[in-house]
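Asker: work04.pdb is reproduced below (PDB, C-alpha atoms).
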ATOM      1  CA  MET A 258       0.000   0.000   0.000
ATOM      2  CA  LEU A 259       1.353   3.430  -0.955
ATOM      3  CA  ALA A 260       1.980   5.823   1.920
ATOM      4  CA  GLU A 261      -0.556   8.418   0.712
ATOM      5  CA  GLU A 262      -3.194   5.742   0.255
ATOM      6  CA  ARG A 263      -2.553   4.493   3.795
ATOM      7  CA  LEU A 264      -2.814   8.030   5.207
ATOM      8  CA  ALA A 265      -6.146   8.526   3.457
ATOM      9  CA  ARG A 266      -7.409   5.248   4.885
ATOM     10  CA  VAL A 267      -6.312   6.242   8.394
ATOM     11  CA  VAL A 268      -8.300   9.470   8.092
ATOM     12  CA  ALA A 269     -11.330   7.538   6.797
ATOM     13  CA  ILE A 270     -11.193   5.085   9.717
ATOM     14  CA  VAL A 271     -10.968   7.847  12.300
ATOM     15  CA  GLU A 272     -13.729   9.926  10.713
ATOM     16  CA  ARG A 273     -15.999   6.885  10.412
ATOM     17  CA  HIS A 274     -15.800   6.142  14.138
ATOM     18  CA  GLY A 275     -15.091   9.637  15.501
ATOM     19  CA  THR A 276     -12.136   8.230  17.463
ATOM     20  CA  ALA A 277      -9.884   5.203  16.949
ATOM     21  CA  SER A 278      -7.031   3.623  18.901
ATOM     22  CA  LEU A 279      -3.610   2.732  17.527
ATOM     23  CA  ALA A 280      -4.474  -0.966  17.812
ATOM     24  CA  GLU A 281      -7.764  -0.574  15.949
ATOM     25  CA  ILE A 282      -6.174   1.323  13.067
ATOM     26  CA  ALA A 283      -3.212  -1.072  12.857
ATOM     27  CA  SER A 284      -5.525  -4.104  12.817
ATOM     28  CA  GLU A 285      -7.758  -2.714  10.083
ATOM     29  CA  LEU A 286      -4.826  -1.731   7.865
ATOM     30  CA  GLY A 287      -2.638  -4.746   8.639
ATOM     31  CA  VAL A 288       0.371  -2.636   9.639
ATOM     32  CA  SER A 289       2.356  -2.165  12.847
ATOM     33  CA  GLU A 290       1.360   0.287  15.574
ATOM     34  CA  SER A 291       4.679   2.089  15.113
ATOM     35  CA  THR A 292       3.728   2.756  11.477
ATOM     36  CA  VAL A 293       0.334   4.047  12.562
ATOM     37  CA  ARG A 294       1.967   6.265  15.183
ATOM     38  CA  ARG A 295       4.167   7.885  12.522
ATOM     39  CA  ASP A 296       1.143   8.313  10.257
ATOM     40  CA  LEU A 297      -0.813  10.018  13.036
ATOM     41  CA  ASP A 298       2.086  12.421  13.603
ATOM     42  CA  ARG A 299       1.995  13.428   9.930
ATOM     43  CA  LEU A 300      -1.802  13.727   9.814
ATOM     44  CA  ASP A 301      -1.970  15.751  13.020
ATOM     45  CA  GLU A 302       0.698  18.113  11.704
ATOM     46  CA  ALA A 303      -1.321  18.538   8.505
ATOM     47  CA  HIS A 304      -4.503  19.200  10.558
ATOM     48  CA  ARG A 305      -6.338  16.287   8.931
ATOM     49  CA  LEU A 306      -7.093  14.721  12.342
ATOM     50  CA  VAL A 307      -6.120  15.259  15.981
ATOM     51  CA  LYS A 308      -3.799  12.984  17.937
ATOM     52  CA  VAL A 309      -5.110  11.949  21.341
ATOM     53  CA  ARG A 310      -3.692   9.617  23.975
ATOM     54  CA  GLY A 311      -3.470   6.134  22.448
ATOM     55  CA  GLY A 312      -4.913   7.045  19.066
ATOM     56  CA  ALA A 313      -6.623   9.827  17.152
ATOM     57  CA  ALA A 314      -9.906  11.703  16.865
ATOM     58  CA  ALA A 315     -11.670  13.349  13.970
ATOM     59  CA  ARG A 316     -11.531  17.120  14.261
ATOM     60  CA  GLU A 317     -15.279  17.299  14.974
ATOM     61  CA  ALA A 318     -15.011  14.841  17.873
ATOM     62  CA  ALA A 319     -11.805  16.403  19.225
ATOM     63  CA  HIS A 320     -13.427  19.833  19.248
ATOM     64  CA  LEU A 321     -15.816  18.631  21.967
ATOM     65  CA  MET A 322     -12.922  17.426  24.144
ATOM     66  CA  ARG A 323     -10.676  20.501  23.877
ATOM     67  CA  ASP A 324     -10.372  23.781  22.042
ATOM     68  CA  LEU A 325      -8.671  23.196  18.724
ATOM     69  CA  THR A 326      -6.180  25.776  17.543
ATOM     70  CA  LEU A 327      -7.255  28.039  14.700
ATOM     71  CA  GLY A 328      -4.972  26.026  12.406
ATOM     72  CA  GLU A 329      -6.667  22.765  13.391
ATOM     73  CA  ARG A 330     -10.084  24.290  12.730
ATOM     74  CA  ARG A 331      -9.161  25.814   9.380
ATOM     75  CA  GLY A 332     -11.466  24.646   6.606
ATOM     76  CA  LEU A 333     -14.041  22.985   8.890
ATOM     77  CA  HIS A 334     -17.492  23.786   7.442
ATOM     78  CA  ALA A 335     -16.119  26.931   5.829
ATOM     79  CA  ALA A 336     -19.099  27.533   3.526
ATOM     80  CA  GLU A 337     -21.608  27.220   6.382
ATOM     81  CA  LYS A 338     -19.595  29.560   8.610
ATOM     82  CA  ARG A 339     -19.416  32.111   5.820
ATOM     83  CA  ALA A 340     -23.193  32.028   5.266
ATOM     84  CA  ILE A 341     -23.916  32.374   8.984
ATOM     85  CA  CYS A 342     -21.515  35.276   9.374
ATOM     86  CA  GLU A 343     -22.832  37.106   6.343
ATOM     87  CA  ARG A 344     -26.228  37.145   8.063
ATOM     88  CA  ALA A 345     -24.694  38.096  11.414
ATOM     89  CA  ALA A 346     -22.859  41.070   9.905
ATOM     90  CA  THR A 347     -26.200  42.614   8.869
ATOM     91  CA  LEU A 348     -27.249  42.720  12.538
ATOM     92  CA  VAL A 349     -24.584  45.290  13.472
ATOM     93  CA  GLY A 350     -25.608  48.951  13.314
ATOM     94  CA  ALA A 351     -23.579  52.137  13.400
ATOM     95  CA  ASP A 352     -24.519  52.927  17.005
ATOM     96  CA  ASP A 353     -23.981  49.445  18.427
ATOM     97  CA  PHE A 354     -21.551  48.432  21.145
ATOM     98  CA  VAL A 355     -20.693  44.931  19.940
ATOM     99  CA  TYR A 356     -19.218  42.032  21.903
ATOM    100  CA  LEU A 357     -17.252  39.468  19.856
ATOM    101  CA  ASP A 358     -16.317  36.140  21.390
ATOM    102  CA  ALA A 359     -13.003  34.463  20.507
ATOM    103  CA  GLY A 360     -13.102  31.594  18.009
ATOM    104  CA  SER A 361     -12.922  30.567  14.369
ATOM    105  CA  THR A 362     -16.554  31.349  13.502
ATOM    106  CA  THR A 363     -16.418  34.829  14.983
ATOM    107  CA  ALA A 364     -13.084  35.254  13.174
ATOM    108  CA  GLU A 365     -15.019  34.773   9.938
ATOM    109  CA  LEU A 366     -17.461  37.457  11.096
ATOM    110  CA  VAL A 367     -14.625  39.895  11.823
ATOM    111  CA  GLY A 368     -13.617  39.711   8.165
ATOM    112  CA  LEU A 369     -17.094  40.849   7.137
ATOM    113  CA  LEU A 370     -17.458  43.800   9.506
ATOM    114  CA  ALA A 371     -16.854  47.291   8.173
ATOM    115  CA  SER A 372     -15.751  50.435   9.993
ATOM    116  CA  SER A 373     -19.294  51.744  10.293
ATOM    117  CA  GLY A 374     -19.190  53.678  13.563
ATOM    118  CA  ALA A 375     -19.895  50.704  15.817
ATOM    119  CA  THR A 376     -17.602  50.042  18.787
ATOM    120  CA  PHE A 377     -16.340  46.500  19.324
ATOM    121  CA  ALA A 378     -15.215  44.725  22.482
ATOM    122  CA  THR A 379     -13.571  41.310  22.432
ATOM    123  CA  ASP A 380     -11.596  38.832  24.503
ATOM    124  CA  SER A 381      -9.598  37.904  21.390
ATOM    125  CA  VAL A 382      -6.322  39.675  20.658
ATOM    126  CA  LEU A 383      -6.464  38.360  17.084
ATOM    127  CA  HIS A 384      -9.953  39.790  16.513
ATOM    128  CA  ALA A 385      -8.972  43.105  18.092
ATOM    129  CA  THR A 386      -5.906  43.486  15.880
ATOM    130  CA  ARG A 387      -7.807  42.747  12.688
ATOM    131  CA  LEU A 388     -10.605  45.160  13.587
ATOM    132  CA  ALA A 389      -8.172  47.935  14.511
ATOM    133  CA  GLU A 390      -6.327  47.476  11.218
ATOM    134  CA  ARG A 391      -9.636  48.096   9.438
ATOM    135  CA  GLY A 392     -10.178  51.353  11.288
ATOM    136  CA  CYS A 393     -12.695  50.098  13.850
ATOM    137  CA  ARG A 394     -12.842  51.338  17.429
ATOM    138  CA  VAL A 395     -11.929  48.377  19.655
ATOM    139  CA  VAL A 396     -11.909  47.586  23.382
ATOM    140  CA  VAL A 397      -9.721  44.602  24.365
ATOM    141  CA  LEU A 398     -10.331  42.705  27.596
ATOM    142  CA  GLY A 399      -7.337  42.046  29.814
ATOM    143  CA  GLY A 400      -6.519  38.702  31.407
ATOM    144  CA  GLU A 401      -4.522  35.531  30.924
ATOM    145  CA  LEU A 402      -4.070  34.752  27.233
ATOM    146  CA  LYS A 403      -4.816  31.209  26.062
ATOM    147  CA  GLY A 404      -2.548  29.968  23.300
ATOM    148  CA  ALA A 405      -4.987  27.672  21.492
ATOM    149  CA  THR A 406      -7.821  30.158  21.062
ATOM    150  CA  GLY A 407      -6.139  33.532  21.617
ATOM    151  CA  ALA A 408      -8.788  34.337  24.251
ATOM    152  CA  ALA A 409      -8.293  36.379  27.431
ATOM    153  CA  VAL A 410      -9.631  34.602  30.516
ATOM    154  CA  GLY A 411      -9.460  34.798  34.294
ATOM    155  CA  PRO A 412     -10.328  37.404  36.970
ATOM    156  CA  ASP A 413      -9.009  40.398  35.020
ATOM    157  CA  ALA A 414     -11.172  39.554  31.992
ATOM    158  CA  LEU A 415     -14.241  39.079  34.193
ATOM    159  CA  ASP A 416     -13.554  42.326  36.040
ATOM    160  CA  ALA A 417     -13.331  44.222  32.742
ATOM    161  CA  LEU A 418     -16.588  42.720  31.494
ATOM    162  CA  GLY A 419     -18.360  43.917  34.636
ATOM    163  CA  ARG A 420     -17.894  47.535  33.516
ATOM    164  CA  TYR A 421     -19.639  47.217  30.145
ATOM    165  CA  HIS A 422     -23.142  46.903  28.712
ATOM    166  CA  PHE A 423     -23.300  45.671  25.106
ATOM    167  CA  THR A 424     -26.149  46.221  22.662
ATOM    168  CA  VAL A 425     -25.405  43.122  20.563
ATOM    169  CA  GLY A 426     -23.018  40.178  20.841
ATOM    170  CA  PHE A 427     -21.870  37.084  18.983
ATOM    171  CA  TRP A 428     -20.521  33.842  20.473
ATOM    172  CA  GLY A 429     -19.313  30.492  19.244
ATOM    173  CA  ALA A 430     -19.764  27.058  20.821
ATOM    174  CA  ASN A 431     -18.082  23.667  20.586
ATOM    175  CA  GLY A 432     -21.401  21.897  21.053
ATOM    176  CA  VAL A 433     -25.074  22.929  21.098
ATOM    177  CA  SER A 434     -27.946  20.879  22.466
ATOM    178  CA  LEU A 435     -31.484  21.548  23.616
ATOM    179  CA  GLU A 436     -30.714  19.979  26.995
ATOM    180  CA  ALA A 437     -27.169  21.215  27.740
ATOM    181  CA  GLY A 438     -27.430  24.531  25.893
ATOM    182  CA  TYR A 439     -24.252  26.159  24.559
ATOM    183  CA  THR A 440     -21.117  24.329  25.645
ATOM    184  CA  VAL A 441     -17.312  24.542  25.543
ATOM    185  CA  PRO A 442     -14.510  22.310  26.864
ATOM    186  CA  GLU A 443     -13.034  24.592  29.541
ATOM    187  CA  ALA A 444     -14.499  26.366  32.562
ATOM    188  CA  ASP A 445     -12.391  29.536  32.308
ATOM    189  CA  GLU A 446     -13.584  30.367  28.794
ATOM    190  CA  ALA A 447     -17.138  29.383  29.758
ATOM    191  CA  ALA A 448     -17.024  31.947  32.576
ATOM    192  CA  VAL A 449     -16.066  34.748  30.174
ATOM    193  CA  LYS A 450     -18.771  33.723  27.716
ATOM    194  CA  ARG A 451     -21.381  33.449  30.478
ATOM    195  CA  LEU A 452     -20.717  36.904  31.904
ATOM    196  CA  SER A 453     -20.380  38.662  28.540
ATOM    197  CA  LEU A 454     -23.659  37.120  27.371
ATOM    198  CA  SER A 455     -25.441  38.252  30.539
ATOM    199  CA  ARG A 456     -24.361  41.851  29.865
ATOM    200  CA  THR A 457     -25.648  41.952  26.281
ATOM    201  CA  GLU A 458     -29.112  42.959  25.040
ATOM    202  CA  ARG A 459     -29.283  41.073  21.715
ATOM    203  CA  ARG A 460     -27.429  37.754  21.875
ATOM    204  CA  TYR A 461     -26.502  35.463  18.985
ATOM    205  CA  VAL A 462     -24.672  32.147  18.976
ATOM    206  CA  LEU A 463     -23.115  31.249  15.613
ATOM    207  CA  ALA A 464     -22.897  27.483  15.052
ATOM    208  CA  ASP A 465     -23.242  25.339  11.940
ATOM    209  CA  ALA A 466     -25.411  22.207  11.995
ATOM    210  CA  SER A 467     -22.475  19.870  12.703
ATOM    211  CA  LYS A 468     -22.426  21.179  16.296
ATOM    212  CA  LEU A 469     -26.115  20.576  16.979
ATOM    213  CA  GLY A 470     -27.089  17.719  19.250
ATOM    214  CA  ARG A 471     -23.594  17.643  20.733
ATOM    215  CA  ALA A 472     -22.447  18.670  24.196
ATOM    216  CA  SER A 473     -18.973  19.619  25.327
ATOM    217  CA  ARG A 474     -17.882  19.622  28.975
ATOM    218  CA  VAL A 475     -19.078  22.999  30.302
ATOM    219  CA  SER A 476     -22.338  24.891  29.648
ATOM    220  CA  TYR A 477     -22.158  28.658  29.483
ATOM    221  CA  ALA A 478     -25.837  29.355  28.723
ATOM    222  CA  CYS A 479     -29.130  27.517  28.373
ATOM    223  CA  PHE A 480     -30.445  27.018  24.848
ATOM    224  CA  SER A 481     -33.096  29.752  25.136
ATOM    225  CA  ALA A 482     -30.600  32.385  26.343
ATOM    226  CA  ALA A 483     -29.603  33.448  22.810
ATOM    227  CA  THR A 484     -30.742  33.342  19.215
ATOM    228  CA  LEU A 485     -28.989  30.555  17.335
ATOM    229  CA  LEU A 486     -27.849  31.398  13.806
ATOM    230  CA  THR A 487     -27.144  28.125  12.039
ATOM    231  CA  CYS A 488     -26.822  26.613   8.590
ATOM    232  CA  GLY A 489     -26.697  23.193   6.966
ATOM    233  CA  ASP A 490     -28.624  19.998   7.706
ATOM    234  CA  VAL A 491     -30.514  21.332  10.731
ATOM    235  CA  PRO A 492     -32.743  18.771  12.531
ATOM    236  CA  LYS A 493     -36.476  19.515  12.716
ATOM    237  CA  SER A 494     -36.307  19.665  16.524
ATOM    238  CA  TYR A 495     -34.114  22.770  16.193
ATOM    239  CA  ARG A 496     -35.889  24.341  13.216
ATOM    240  CA  SER A 497     -39.136  24.455  15.204
ATOM    241  CA  ARG A 498     -37.641  26.582  17.989
ATOM    242  CA  GLU A 499     -38.502  30.299  18.031
ATOM    243  CA  ASN A 500     -34.929  31.332  18.816
ATOM    244  CA  VAL A 501     -33.383  29.451  15.862
ATOM    245  CA  VAL A 502     -32.652  31.146  12.530
ATOM    246  CA  VAL A 503     -31.630  28.774   9.746
ATOM    247  CA  VAL A 504     -29.612  30.784   7.244
ATOM    248  CA  GLY A 505     -30.485  29.983   3.650
ATOM    249  CA  ALA A 506     -33.711  28.173   4.545
TER     250      ALA A 506
END
Please go through the file and, once you have read it, give me the structure as structure tokens.

Answerer:
Amino acid sequence: MLAEERLARVVAIVERHGTASLAEIASELGVSESTVRRDLDRLDEAHRLVKVRGGAAAREAAHLMRDLTLGERRGLHAAEKRAICERAATLVGADDFVYLDAGSTTAELVGLLASSGATFATDSVLHATRLAERGCRVVVLGGELKGATGAAVGPDALDALGRYHFTVGFWGANGVSLEAGYTVPEADEAAVKRLSLSRTERRYVLADASKLGRASRVSYACFSAATLLTCGDVPKSYRSRENVVVVGA
């Protein structure tokens, strides 16, 4: 078997099951675990899957367990994110004080926002830099900076949030479910999301259909706490909810 063919088969195995161990992949391909381990190193480096202890996970499954880096998330449901963010950008007016959560979906939104007079606040240094370069007025939260997501977290970020009242805000989520609400892997980022959402008048969570019916480790809001902007193969149980907007439907 050619190396590239084997790599493609490894990705297919992992994506089929969501997660797979070294032994499972080696058995299915008829190769040694050391070969699989080297393959996983290459595939993780190329952001085609995510290495985990004893095996690998598809990027979708891994995103529920931990925050992927922006590089690891690149290309995931890009068309859906673009459609959602195009709608979200129309919700920002010239007089708004806008909160922007850190993350890859809100990063897509940042690229669509114009310098229209609105003021933006964010816990993301990356978002803040891009907005400032485009001539926007930007407030950056302080706090401990997380490498994977570029988000500011901790007491300083929460203290800063306590001074502001936002007219509109946009958040991402690793998983969304009717029961668990909007969820992320880590408590410190959940705390920032929870407080920022509570201090915002019009609240929107941006999440494509692949995240629906999934729950990560920590809830930051109940499902009814925000309007969900989504796109893709959205289940009927979500489409029927008053706070769900299916873009392109």

Asker: Could you jot down the CA of Asp358 in chain A to CA of Leu452 in chain A separation for me, Å, one decimal place?

Answerer: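 CA of Leu452 in chain A lies at a distance of 11.4 Å from CA of Asp358 in chain A.
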
Asker: Run the PyMOL selection byres ((chain A and resi 396) around 7) on the file and write out the hits as a list in words.

Answerer: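 Applied to this file, the PyMOL selection byres ((chain A and resi 396) around 7) selects Phe377, Ala378, Thr379, Val395, Val397 and Leu398 of chain A.
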
Asker: Which one of A:Leu264, A:Val441, A:Ala336, A:Leu486 sits closest to Asp301 in chain A if you count only C-alpha atoms?

Answerer: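 Selected residue with least distance to Asp301 in chain A: A:Leu264.
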
Asker: Using all atoms listed in the file - which residues lie no farther than 9 Å from the point (-3.3, -0.1, 22.5) in the file's frame? Write them as a list in words.

Answerer: Ser278, Leu279, Ala280, Glu281, Glu290, Gly311 and Gly312 of chain A

Asker: For Ala447 in chain A, which residue among A:Gly470, A:Gly489, A:Gly411, A:Gly426 is the nearest when counting all atoms listed in the file?

Answerer: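 Using all atoms listed in the file, Ala447 in chain A sits closest to A:Gly411.
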